[in-house]
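Next up, input-v5.pdb (PDB, C-alpha atoms):
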```
ATOM      1  CA  MET A   1    -104.829  53.017 125.061
ATOM      2  CA  SER A   2    -108.159  53.367 123.353
ATOM      3  CA  GLY A   3    -110.235  55.783 121.371
ATOM      4  CA  THR A   4    -113.236  55.945 119.107
ATOM      5  CA  GLY A   5    -111.718  56.203 115.652
ATOM      6  CA  LYS A   6    -112.841  54.099 112.681
ATOM      7  CA  LEU A   7    -110.405  51.266 112.040
ATOM      8  CA  PRO A   8    -109.238  50.183 108.563
ATOM      9  CA  VAL A   9    -109.928  46.497 109.386
ATOM     10  CA  THR A  10    -112.927  45.149 111.295
ATOM     11  CA  PHE A  11    -113.846  41.846 112.883
ATOM     12  CA  ALA A  12    -116.218  41.241 109.959
ATOM     13  CA  ASP A  13    -113.202  41.459 107.618
ATOM     14  CA  ILE A  14    -111.348  38.847 109.690
ATOM     15  CA  ASP A  15    -114.370  36.563 109.773
ATOM     16  CA  ALA A  16    -114.701  36.834 105.986
ATOM     17  CA  ALA A  17    -110.982  36.152 105.586
ATOM     18  CA  ALA A  18    -111.265  32.978 107.673
ATOM     19  CA  ARG A  19    -113.873  31.608 105.268
ATOM     20  CA  ARG A  20    -111.948  32.711 102.166
ATOM     21  CA  ILE A  21    -108.631  31.105 103.128
ATOM     22  CA  ALA A  22    -109.959  27.947 104.814
ATOM     23  CA  PRO A  23    -109.211  25.656 101.815
ATOM     24  CA  PHE A  24    -105.582  26.787 101.643
ATOM     25  CA  ILE A  25    -104.217  27.029 105.189
ATOM     26  CA  HIS A  26    -103.799  24.823 108.245
ATOM     27  CA  ARG A  27    -105.751  25.190 111.467
ATOM     28  CA  THR A  28    -102.643  25.214 113.635
ATOM     29  CA  PRO A  29    -102.450  23.567 117.077
ATOM     30  CA  VAL A  30    -102.173  25.220 120.477
ATOM     31  CA  PHE A  31     -99.520  23.779 122.814
ATOM     32  CA  ALA A  32     -98.974  24.262 126.519
ATOM     33  CA  SER A  33     -96.100  23.245 128.809
ATOM     34  CA  HIS A  34     -96.195  22.898 132.584
ATOM     35  CA  ARG A  35     -92.430  23.407 132.708
ATOM     36  CA  LEU A  36     -92.548  26.603 130.655
ATOM     37  CA  ASN A  37     -95.371  27.895 132.814
ATOM     38  CA  GLU A  38     -93.200  27.390 135.894
ATOM     39  CA  ILE A  39     -90.337  29.297 134.272
ATOM     40  CA  LEU A  40     -92.466  32.122 132.860
ATOM     41  CA  GLY A  41     -94.871  32.492 135.772
ATOM     42  CA  VAL A  42     -97.970  32.471 133.553
ATOM     43  CA  ASP A  43    -100.472  29.972 132.197
ATOM     44  CA  ALA A  44     -99.372  30.145 128.556
ATOM     45  CA  TYR A  45    -101.039  28.766 125.444
ATOM     46  CA  PHE A  46     -98.850  28.813 122.340
ATOM     47  CA  LYS A  47    -100.580  29.183 118.973
ATOM     48  CA  CYS A  48     -98.107  27.335 116.742
ATOM     49  CA  GLU A  49     -98.047  29.203 113.446
ATOM     50  CA  ASN A  50     -94.645  27.612 112.885
ATOM     51  CA  PHE A  51     -96.771  24.640 111.710
ATOM     52  CA  GLN A  52     -98.624  26.808 109.194
ATOM     53  CA  ARG A  53     -98.140  26.497 105.427
ATOM     54  CA  ILE A  54     -94.652  27.858 104.537
ATOM     55  CA  GLY A  55     -93.846  27.681 108.261
ATOM     56  CA  ALA A  56     -95.345  31.034 109.252
ATOM     57  CA  PHE A  57     -98.578  32.977 109.814
ATOM     58  CA  LYS A  58     -97.907  34.944 106.630
ATOM     59  CA  ALA A  59     -99.703  32.271 104.590
ATOM     60  CA  ARG A  60    -102.966  33.617 106.002
ATOM     61  CA  GLY A  61    -102.674  37.226 104.888
ATOM     62  CA  ALA A  62    -101.151  36.390 101.531
ATOM     63  CA  HIS A  63    -103.932  33.980 100.608
ATOM     64  CA  ASN A  64    -106.632  36.405 101.715
ATOM     65  CA  ALA A  65    -105.131  39.239  99.668
ATOM     66  CA  VAL A  66    -104.542  37.135  96.545
ATOM     67  CA  PHE A  67    -107.965  35.485  96.532
ATOM     68  CA  ALA A  68    -109.705  38.803  97.212
ATOM     69  CA  LEU A  69    -108.405  40.157  93.876
ATOM     70  CA  SER A  70    -110.702  40.338  90.901
ATOM     71  CA  PRO A  71    -109.737  38.212  87.870
ATOM     72  CA  GLU A  72    -108.556  41.365  86.081
ATOM     73  CA  GLN A  73    -106.367  42.425  89.012
ATOM     74  CA  ALA A  74    -104.912  38.957  89.440
ATOM     75  CA  ALA A  75    -104.121  38.131  85.806
ATOM     76  CA  PRO A  76    -100.728  39.928  85.515
ATOM     77  CA  GLY A  77     -99.594  38.396  88.801
ATOM     78  CA  VAL A  78     -98.670  39.830  92.184
ATOM     79  CA  ALA A  79     -95.549  41.511  93.517
ATOM     80  CA  THR A  80     -94.113  42.362  96.912
ATOM     81  CA  HIS A  81     -90.971  43.025  98.911
ATOM     82  CA  SER A  82     -90.129  40.810 101.871
ATOM     83  CA  SER A  83     -87.226  39.431 103.883
ATOM     84  CA  GLY A  84     -88.696  35.976 103.528
ATOM     85  CA  ASN A  85     -91.909  34.695 105.096
ATOM     86  CA  HIS A  86     -94.332  36.955 103.205
ATOM     87  CA  ALA A  87     -92.317  36.285 100.054
ATOM     88  CA  ALA A  88     -92.831  32.537 100.401
ATOM     89  CA  ALA A  89     -96.461  32.986 101.432
ATOM     90  CA  LEU A  90     -97.246  35.151  98.406
ATOM     91  CA  SER A  91     -95.467  32.689  96.120
ATOM     92  CA  LEU A  92     -97.637  29.866  97.486
ATOM     93  CA  ALA A  93    -100.867  31.881  97.272
ATOM     94  CA  ALA A  94    -100.076  32.901  93.689
ATOM     95  CA  ARG A  95     -99.322  29.298  92.761
ATOM     96  CA  ASN A  96    -102.630  28.205  94.278
ATOM     97  CA  ARG A  97    -104.432  30.819  92.175
ATOM     98  CA  GLY A  98    -102.379  30.026  89.066
ATOM     99  CA  ILE A  99    -100.736  33.443  88.634
ATOM    100  CA  PRO A 100     -97.100  34.656  88.728
ATOM    101  CA  ALA A 101     -95.425  36.075  91.848
ATOM    102  CA  TYR A 102     -92.577  38.596  91.650
ATOM    103  CA  ILE A 103     -90.592  39.030  94.856
ATOM    104  CA  VAL A 104     -88.057  41.690  95.862
ATOM    105  CA  MET A 105     -85.832  40.392  98.664
ATOM    106  CA  PRO A 106     -82.992  42.140 100.515
ATOM    107  CA  SER A 107     -79.583  40.687  99.789
ATOM    108  CA  ASN A 108     -79.158  39.718 103.455
ATOM    109  CA  ALA A 109     -82.362  37.655 103.637
ATOM    110  CA  PRO A 110     -81.805  34.189 105.146
ATOM    111  CA  ARG A 111     -80.834  31.535 102.631
ATOM    112  CA  ILE A 112     -83.600  29.186 103.784
ATOM    113  CA  LYS A 113     -86.217  31.825 102.972
ATOM    114  CA  MET A 114     -84.845  32.515  99.487
ATOM    115  CA  GLU A 115     -84.850  28.783  98.760
ATOM    116  CA  SER A 116     -88.466  28.549  99.898
ATOM    117  CA  VAL A 117     -89.546  31.318  97.506
ATOM    118  CA  ARG A 118     -87.833  29.655  94.557
ATOM    119  CA  ARG A 119     -89.287  26.243  95.427
ATOM    120  CA  LEU A 120     -92.789  27.727  95.468
ATOM    121  CA  GLY A 121     -92.366  29.330  92.060
ATOM    122  CA  GLY A 122     -91.681  32.956  92.978
ATOM    123  CA  THR A 123     -89.307  35.013  90.830
ATOM    124  CA  ILE A 124     -86.758  36.818  93.031
ATOM    125  CA  ARG A 125     -85.078  40.173  92.452
ATOM    126  CA  LEU A 126     -82.450  41.098  95.053
ATOM    127  CA  CYS A 127     -81.915  44.616  96.379
ATOM    128  CA  GLU A 128     -79.888  46.425  99.013
ATOM    129  CA  PRO A 129     -81.146  45.746 102.567
ATOM    130  CA  THR A 130     -82.928  49.080 103.100
ATOM    131  CA  MET A 131     -86.624  49.952 102.991
ATOM    132  CA  ARG A 132     -85.911  52.631 100.382
ATOM    133  CA  ALA A 133     -84.228  50.075  98.100
ATOM    134  CA  ARG A 134     -87.061  47.596  98.600
ATOM    135  CA  GLY A 135     -89.689  50.163  97.642
ATOM    136  CA  ALA A 136     -87.791  51.305  94.559
ATOM    137  CA  ALA A 137     -87.179  47.756  93.344
ATOM    138  CA  VAL A 138     -90.780  46.629  93.706
ATOM    139  CA  ALA A 139     -92.029  49.786  91.947
ATOM    140  CA  GLU A 140     -89.678  49.001  89.063
ATOM    141  CA  LEU A 141     -90.972  45.430  88.907
ATOM    142  CA  ILE A 142     -94.598  46.537  88.814
ATOM    143  CA  ALA A 143     -93.847  49.017  86.034
ATOM    144  CA  GLU A 144     -92.276  46.201  84.016
ATOM    145  CA  CYS A 145     -94.907  43.471  84.417
ATOM    146  CA  GLY A 146     -98.092  45.183  85.600
ATOM    147  CA  ALA A 147     -98.408  42.983  88.677
ATOM    148  CA  THR A 148    -100.603  43.979  91.624
ATOM    149  CA  LEU A 149     -98.728  45.016  94.744
ATOM    150  CA  ILE A 150     -99.499  42.942  97.832
ATOM    151  CA  HIS A 151     -97.710  44.847 100.564
ATOM    152  CA  PRO A 152     -96.360  42.520 103.281
ATOM    153  CA  TYR A 153     -98.247  44.288 106.070
ATOM    154  CA  ASP A 154     -99.725  47.679 105.096
ATOM    155  CA  ASN A 155    -102.696  46.124 103.324
ATOM    156  CA  ASP A 156    -106.224  45.659 104.693
ATOM    157  CA  GLU A 157    -106.711  42.139 103.314
ATOM    158  CA  VAL A 158    -103.304  41.044 104.617
ATOM    159  CA  ILE A 159    -104.104  42.362 108.108
ATOM    160  CA  ALA A 160    -107.506  40.659 108.086
ATOM    161  CA  GLY A 161    -105.910  37.394 107.045
ATOM    162  CA  GLN A 162    -103.294  37.584 109.793
ATOM    163  CA  GLY A 163    -106.067  38.174 112.327
ATOM    164  CA  THR A 164    -107.470  34.706 111.610
ATOM    165  CA  ALA A 165    -104.667  33.140 113.692
ATOM    166  CA  ALA A 166    -105.992  34.879 116.813
ATOM    167  CA  LEU A 167    -109.580  34.101 115.799
ATOM    168  CA  GLU A 168    -108.681  30.407 115.800
ATOM    169  CA  LEU A 169    -106.802  30.726 119.086
ATOM    170  CA  PHE A 170    -109.793  32.236 120.868
ATOM    171  CA  GLY A 171    -111.939  29.333 119.685
ATOM    172  CA  GLN A 172    -109.368  26.817 120.919
ATOM    173  CA  VAL A 173    -108.763  28.530 124.304
ATOM    174  CA  PRO A 174    -111.833  30.679 125.062
ATOM    175  CA  GLU A 175    -110.942  32.148 128.466
ATOM    176  CA  LEU A 176    -107.717  34.087 127.980
ATOM    177  CA  ASP A 177    -106.744  37.134 130.037
ATOM    178  CA  MET A 178    -104.180  38.369 127.536
ATOM    179  CA  VAL A 179    -102.814  37.823 124.040
ATOM    180  CA  MET A 180     -99.271  38.585 122.836
ATOM    181  CA  ALA A 181     -97.659  38.712 119.400
ATOM    182  CA  PRO A 182     -94.483  40.146 117.854
ATOM    183  CA  VAL A 183     -94.445  43.406 115.892
ATOM    184  CA  GLY A 184     -92.491  44.202 112.751
ATOM    185  CA  GLY A 185     -94.682  45.846 110.137
ATOM    186  CA  GLY A 186     -97.634  45.231 112.440
ATOM    187  CA  GLY A 187     -99.909  43.083 110.280
ATOM    188  CA  LEU A 188    -100.087  40.171 112.737
ATOM    189  CA  MET A 189    -100.331  42.329 115.844
ATOM    190  CA  SER A 190    -103.000  44.638 114.441
ATOM    191  CA  GLY A 191    -105.095  41.756 113.119
ATOM    192  CA  THR A 192    -104.714  40.048 116.487
ATOM    193  CA  ALA A 193    -105.820  43.214 118.284
ATOM    194  CA  VAL A 194    -108.988  43.554 116.203
ATOM    195  CA  ALA A 195    -109.893  39.895 116.764
ATOM    196  CA  ALA A 196    -109.119  40.118 120.485
ATOM    197  CA  ARG A 197    -111.206  43.196 121.132
ATOM    198  CA  ALA A 198    -114.165  41.601 119.371
ATOM    199  CA  ALA A 199    -113.724  38.298 121.217
ATOM    200  CA  ARG A 200    -113.446  39.755 124.701
ATOM    201  CA  ARG A 201    -113.568  43.433 125.562
ATOM    202  CA  LYS A 202    -111.425  43.109 128.697
ATOM    203  CA  MET A 203    -108.672  40.948 127.211
ATOM    204  CA  ARG A 204    -105.272  42.671 127.470
ATOM    205  CA  ILE A 205    -103.572  43.088 124.117
ATOM    206  CA  VAL A 206     -99.775  43.214 124.357
ATOM    207  CA  ALA A 207     -97.283  43.860 121.552
ATOM    208  CA  CYS A 208     -93.648  42.726 121.688
ATOM    209  CA  GLU A 209     -90.643  44.059 119.792
ATOM    210  CA  PRO A 210     -86.825  43.947 119.936
ATOM    211  CA  VAL A 211     -85.181  46.977 121.578
ATOM    212  CA  GLN A 212     -82.882  47.149 118.555
ATOM    213  CA  ALA A 213     -85.834  47.520 116.137
ATOM    214  CA  ASP A 214     -88.276  49.493 118.279
ATOM    215  CA  ASP A 215     -89.966  51.926 115.882
ATOM    216  CA  ALA A 216     -93.411  50.418 116.587
ATOM    217  CA  TYR A 217     -93.012  50.953 120.320
ATOM    218  CA  ARG A 218     -91.817  54.532 119.808
ATOM    219  CA  SER A 219     -94.724  55.201 117.459
ATOM    220  CA  TRP A 220     -97.292  53.769 119.880
ATOM    221  CA  ALA A 221     -95.823  55.617 122.857
ATOM    222  CA  SER A 222     -95.552  58.994 121.096
ATOM    223  CA  GLY A 223     -98.806  58.874 119.177
ATOM    224  CA  ARG A 224     -96.993  59.641 115.923
ATOM    225  CA  LEU A 225     -95.597  57.231 113.354
ATOM    226  CA  GLN A 226     -91.847  57.234 113.961
ATOM    227  CA  PRO A 227     -89.159  56.565 111.360
ATOM    228  CA  GLY A 228     -87.263  53.346 111.864
ATOM    229  CA  SER A 229     -83.566  53.566 112.562
ATOM    230  CA  PRO A 230     -81.470  50.861 110.867
ATOM    231  CA  PRO A 231     -82.612  47.680 112.668
ATOM    232  CA  ASP A 232     -79.924  45.497 114.204
ATOM    233  CA  THR A 233     -81.770  42.482 115.533
ATOM    234  CA  ILE A 234     -81.480  38.735 115.182
ATOM    235  CA  ALA A 235     -85.255  38.719 114.602
ATOM    236  CA  ASP A 236     -85.003  39.189 110.836
ATOM    237  CA  GLY A 237     -88.777  39.072 110.339
ATOM    238  CA  LEU A 238     -89.127  42.198 112.499
ATOM    239  CA  ARG A 239     -86.649  44.405 110.641
ATOM    240  CA  THR A 240     -89.451  46.268 108.877
ATOM    241  CA  THR A 241     -91.028  49.577 109.884
ATOM    242  CA  LEU A 242     -94.537  49.842 111.310
ATOM    243  CA  GLY A 243     -97.222  50.294 108.653
ATOM    244  CA  GLU A 244     -99.705  53.176 108.732
ATOM    245  CA  ARG A 245    -102.760  50.910 108.960
ATOM    246  CA  ALA A 246    -101.265  48.908 111.809
ATOM    247  CA  PHE A 247    -100.311  52.111 113.610
ATOM    248  CA  VAL A 248    -103.924  53.324 113.556
ATOM    249  CA  ILE A 249    -105.175  49.992 114.918
ATOM    250  CA  LEU A 250    -102.516  49.625 117.610
ATOM    251  CA  ARG A 251    -102.993  53.172 118.866
ATOM    252  CA  GLU A 252    -106.703  52.444 119.222
ATOM    253  CA  LEU A 253    -106.630  48.938 120.707
ATOM    254  CA  LEU A 254    -103.248  48.099 122.234
ATOM    255  CA  ASP A 255    -103.028  47.906 126.042
ATOM    256  CA  ASP A 256     -99.323  47.362 126.602
ATOM    257  CA  PHE A 257     -95.976  47.064 124.845
ATOM    258  CA  VAL A 258     -92.813  45.168 125.838
ATOM    259  CA  THR A 259     -89.434  45.636 124.162
ATOM    260  CA  VAL A 260     -86.792  42.958 124.671
ATOM    261  CA  ARG A 261     -83.026  42.581 124.488
ATOM    262  CA  GLU A 262     -81.264  40.375 121.938
ATOM    263  CA  ALA A 263     -79.943  38.045 124.657
ATOM    264  CA  SER A 264     -83.503  37.444 125.834
ATOM    265  CA  ILE A 265     -84.638  36.587 122.294
ATOM    266  CA  VAL A 266     -81.889  33.987 122.004
ATOM    267  CA  ALA A 267     -82.670  32.572 125.454
ATOM    268  CA  ALA A 268     -86.397  32.384 124.671
ATOM    269  CA  MET A 269     -85.829  30.697 121.317
ATOM    270  CA  ARG A 270     -83.573  28.097 122.905
ATOM    271  CA  LEU A 271     -86.021  27.589 125.777
ATOM    272  CA  VAL A 272     -88.887  26.761 123.396
ATOM    273  CA  TRP A 273     -86.683  24.386 121.414
ATOM    274  CA  GLU A 274     -85.429  22.589 124.517
ATOM    275  CA  VAL A 275     -88.575  22.484 126.669
ATOM    276  CA  MET A 276     -91.386  22.237 124.112
ATOM    277  CA  LYS A 277     -89.314  20.452 121.432
ATOM    278  CA  VAL A 278     -90.719  22.952 118.928
ATOM    279  CA  VAL A 279     -88.650  24.733 116.270
ATOM    280  CA  ILE A 280     -89.292  28.488 116.141
ATOM    281  CA  GLU A 281     -87.402  31.323 114.467
ATOM    282  CA  PRO A 282     -86.050  34.358 116.360
ATOM    283  CA  SER A 283     -89.030  36.597 115.538
ATOM    284  CA  ALA A 284     -91.409  34.042 117.061
ATOM    285  CA  ALA A 285     -89.339  34.001 120.248
ATOM    286  CA  VAL A 286     -89.901  37.720 120.938
ATOM    287  CA  PRO A 287     -93.180  37.331 122.922
ATOM    288  CA  VAL A 288     -91.594  34.521 124.954
ATOM    289  CA  ALA A 289     -88.646  36.837 125.608
ATOM    290  CA  ALA A 290     -91.145  39.456 126.800
ATOM    291  CA  LEU A 291     -92.492  36.999 129.354
ATOM    292  CA  LEU A 292     -88.927  36.221 130.475
ATOM    293  CA  GLU A 293     -88.037  39.902 130.878
ATOM    294  CA  ALA A 294     -91.343  41.310 132.142
ATOM    295  CA  GLY A 295     -92.999  38.292 133.704
ATOM    296  CA  ASP A 296     -93.870  40.104 136.935
ATOM    297  CA  ARG A 297     -96.264  42.352 134.980
ATOM    298  CA  PHE A 298     -98.254  39.333 133.818
ATOM    299  CA  ARG A 299     -97.797  36.782 136.607
ATOM    300  CA  GLY A 300    -100.630  34.294 136.986
ATOM    301  CA  GLN A 301    -102.416  35.377 133.783
ATOM    302  CA  ARG A 302    -103.828  33.025 131.139
ATOM    303  CA  VAL A 303    -101.814  34.185 128.139
ATOM    304  CA  GLY A 304    -102.222  33.372 124.469
ATOM    305  CA  VAL A 305     -98.871  33.633 122.666
ATOM    306  CA  ILE A 306     -98.702  33.560 118.888
ATOM    307  CA  LEU A 307     -95.532  31.786 117.763
ATOM    308  CA  SER A 308     -95.294  33.490 114.401
ATOM    309  CA  GLY A 309     -93.009  31.133 112.467
ATOM    310  CA  GLY A 310     -90.428  28.373 112.434
ATOM    311  CA  ASN A 311     -88.139  29.154 109.505
ATOM    312  CA  ALA A 312     -84.879  29.092 111.417
ATOM    313  CA  ASP A 313     -81.597  28.860 109.529
ATOM    314  CA  LEU A 314     -80.106  25.683 111.025
ATOM    315  CA  ASP A 315     -76.633  26.665 109.851
ATOM    316  CA  ARG A 316     -76.781  29.946 111.795
ATOM    317  CA  LEU A 317     -78.466  29.173 115.096
ATOM    318  CA  PRO A 318     -77.763  32.031 117.526
ATOM    319  CA  TRP A 319     -76.456  29.873 120.366
ATOM    320  CA  LEU A 320     -73.993  28.210 117.964
ATOM    321  CA  ALA A 321     -72.687  31.659 117.021
ATOM    322  CA  GLU A 322     -72.249  32.479 120.714
ATOM    323  CA  SER A 323     -70.346  29.235 121.274
ATOM    324  CA  ALA A 324     -68.053  29.992 118.340
ATOM    325  CA  ARG A 325     -67.193  33.399 119.859
ATOM    326  CA  ALA A 326     -66.489  31.935 123.293
TER
END
```

Once you've parsed the file, please lay out its structure as structure tokens.
Amino acid sequence: MSGTGKLPVTFADIDAAARRIAPFIHRTPVFASHRLNEILGVDAYFKCENFQRIGAFKARGAHNAVFALSPEQAAPGVATHSSGNHAAALSLAARNRGIPAYIVMPSNAPRIKMESVRRLGGTIRLCEPTMRARGAAVAELIAECGATLIHPYDNDEVIAGQGTAALELFGQVPELDMVMAPVGGGGLMSGTAVAARAARRKMRIVACEPVQADDAYRSWASGRLQPGSPPDTIADGLRTTLGERAFVILRELLDDFVTVREASIVAAMRLVWEVMKVVIEPSAAVPVAALLEAGDRFRGQRVGVILSGGNADLDRLPWLAESARA
């Protein structure tokens, strides 16, 4: 779908973000696998943001947002709500700028992600695992300490920062037919879409989401921002609702959308671990699951796939849970 509306984030914003965050983030590698290509039926290039600082692409947006603040805005610190990766990323960015970070996390956030926030110096406040509870808790925090809110995805600087992953990918693999990324709040996917459309007008831009947390797909398909029903997906990083800014960008630029079943997410995650010997978390497996489920739609294409993160809880791997139930 496409239109002519003015977007909240431009390619110039992403280009500026790339320069701003360069001292603080990794230029992550791109991997390919002949065996995976045979299985998936595409020529895939995996942008490994699981090797990024804090193990996820979120380091990009957090650093761009924190370092874009004026000294007066930054002084009291920054605050956010997050199930984990943005929480750790904001804690790291705040530490690099020498300011406090206050983090609201749902009580069901993975243990590994809470430990990461604490290790990086963030102060955690737990809340009930609902978006309403998250919003109320972070508002209370900001009232107490005067920190600046850095929303995990509905923030222009965050979106621009996330778009730098795709900007790097297109420099590493110039001739792609298509790019895919997972969607939760939409920061990564919308930043990717802006970068992709600027890099190559005819590149297909494809979003991927779990069926059991499909508010972004429903919003894109209907043309109206849809409320999220309680998400029930193993992909904990995608349990958020689509942000307004991301919705505007995806409605304008997105070409296609694939929703995937939980079993496919588990199969894709295990496939990447076993074939590529690369650790990814469930959210990162969603685009690979889309290629498993809908490969005929993309057969023979040169596909860039953003593997969004690698913060898997090794004590709760999904295939171990399945074995325990068997």

Once the PyMOL selection byres ((chain A and resi 192-196) around 6) has been applied to the shown file, what residues remain in the selection, as a PDB file with C-alpha atoms, in the coordinates of the input?
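Okay, this is what ended up in result.pdb:
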```pdb
ATOM      1  CA  PHE A  11    -113.846  41.846 112.883  1.00  0.00           C
ATOM      2  CA  GLY A 163    -106.067  38.174 112.327  1.00  0.00           C
ATOM      3  CA  ALA A 166    -105.992  34.879 116.813  1.00  0.00           C
ATOM      4  CA  LEU A 167    -109.580  34.101 115.799  1.00  0.00           C
ATOM      5  CA  LEU A 188    -100.087  40.171 112.737  1.00  0.00           C
ATOM      6  CA  MET A 189    -100.331  42.329 115.844  1.00  0.00           C
ATOM      7  CA  SER A 190    -103.000  44.638 114.441  1.00  0.00           C
ATOM      8  CA  GLY A 191    -105.095  41.756 113.119  1.00  0.00           C
ATOM      9  CA  ARG A 197    -111.206  43.196 121.132  1.00  0.00           C
ATOM     10  CA  ALA A 198    -114.165  41.601 119.371  1.00  0.00           C
ATOM     11  CA  ALA A 199    -113.724  38.298 121.217  1.00  0.00           C
TER      12      ALA A 199
END
```

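The interatomic distance for the pair CA of Asn96 in chain A and CA of Glu168 in chain A works out to 22.5 Å.
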
Check: In Å, with one decimal, what is the gap from CA of Ala160 in chain A to CA of Val288 in chain A?
Finding: 24.0 Å

Margin query: Which residues would end up in the selection if the PyMOL selection byres ((chain A and resi 172) around 12) were applied here, given that I need the answer as an NGL selection string?
Written below: :A and (27-31 or 45-47 or 165-171 or 173-176 or 304)

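Residues lying within 8 Å of Gln52 in chain A, counting only C-alpha atoms and ignoring same-chain neighbours fewer than 5 positions away, are Ile25, His26, Arg27, Thr28, Phe57, Ala59 and Gly309 of chain A.
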
Take the residues that were just selected and, keeping C-alpha atoms, output them as a PDB file, keeping the file's coordinate frame.
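As written to disk, part_30.pdb reads:
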```
ATOM      1  CA  ILE A  25    -104.217  27.029 105.189  1.00  0.00           C
ATOM      2  CA  HIS A  26    -103.799  24.823 108.245  1.00  0.00           C
ATOM      3  CA  ARG A  27    -105.751  25.190 111.467  1.00  0.00           C
ATOM      4  CA  THR A  28    -102.643  25.214 113.635  1.00  0.00           C
ATOM      5  CA  PHE A  57     -98.578  32.977 109.814  1.00  0.00           C
ATOM      6  CA  ALA A  59     -99.703  32.271 104.590  1.00  0.00           C
ATOM      7  CA  GLY A 309     -93.009  31.133 112.467  1.00  0.00           C
TER       8      GLY A 309
END
```

Notebook entry, point to check: Mind listing as a list in words all residues within 9 Å of (-91.0, 35.3, 118.1), counting all atoms listed in the file?
Noted result: Ala181, Pro182, Cys208, Glu209, Ala235, Gly237, Ile265, Ala268, Met269, Ile280, Glu281, Pro282, Ser283, Ala284, Ala285, Val286, Pro287, Val288, Ala289, Ile306, Leu307, Ser308, Gly309 and Gly310 of chain A

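Counting all atoms listed in the file and comparing A:Gly295, A:Pro318, A:Gly77, A:Gly84, the residue that lies closest to Leu141 in chain A is A:Gly77.
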
Checklist line | Local residues around (-98.1, 58.3, 119.4), at most 8 Å away, using all atoms listed in the file, as a list in words | finding: Arg218, Ser219, Trp220, Ala221, Ser222, Gly223, Arg224, Leu225 and Arg251 of chain A

Fewer than 6 positions away in the same chain doesn't count, so skip those; otherwise give me all residues within 12 Å of Arg35 in chain A, counting all atoms listed in the file, as a JSON list (two decimals) with C-alpha atoms, in the frame of the given file.
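After the write, around38.json holds the following:
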```
[["chain", "number", "residue", "atom", "x", "y", "z"],
["A", 41, "GLY", "CA", -94.87, 32.49, 135.77],
["A", 42, "VAL", "CA", -97.97, 32.47, 133.55],
["A", 43, "ASP", "CA", -100.47, 29.97, 132.20],
["A", 44, "ALA", "CA", -99.37, 30.14, 128.56],
["A", 271, "LEU", "CA", -86.02, 27.59, 125.78],
["A", 272, "VAL", "CA", -88.89, 26.76, 123.40],
["A", 274, "GLU", "CA", -85.43, 22.59, 124.52],
["A", 275, "VAL", "CA", -88.58, 22.48, 126.67],
["A", 276, "MET", "CA", -91.39, 22.24, 124.11]]
```
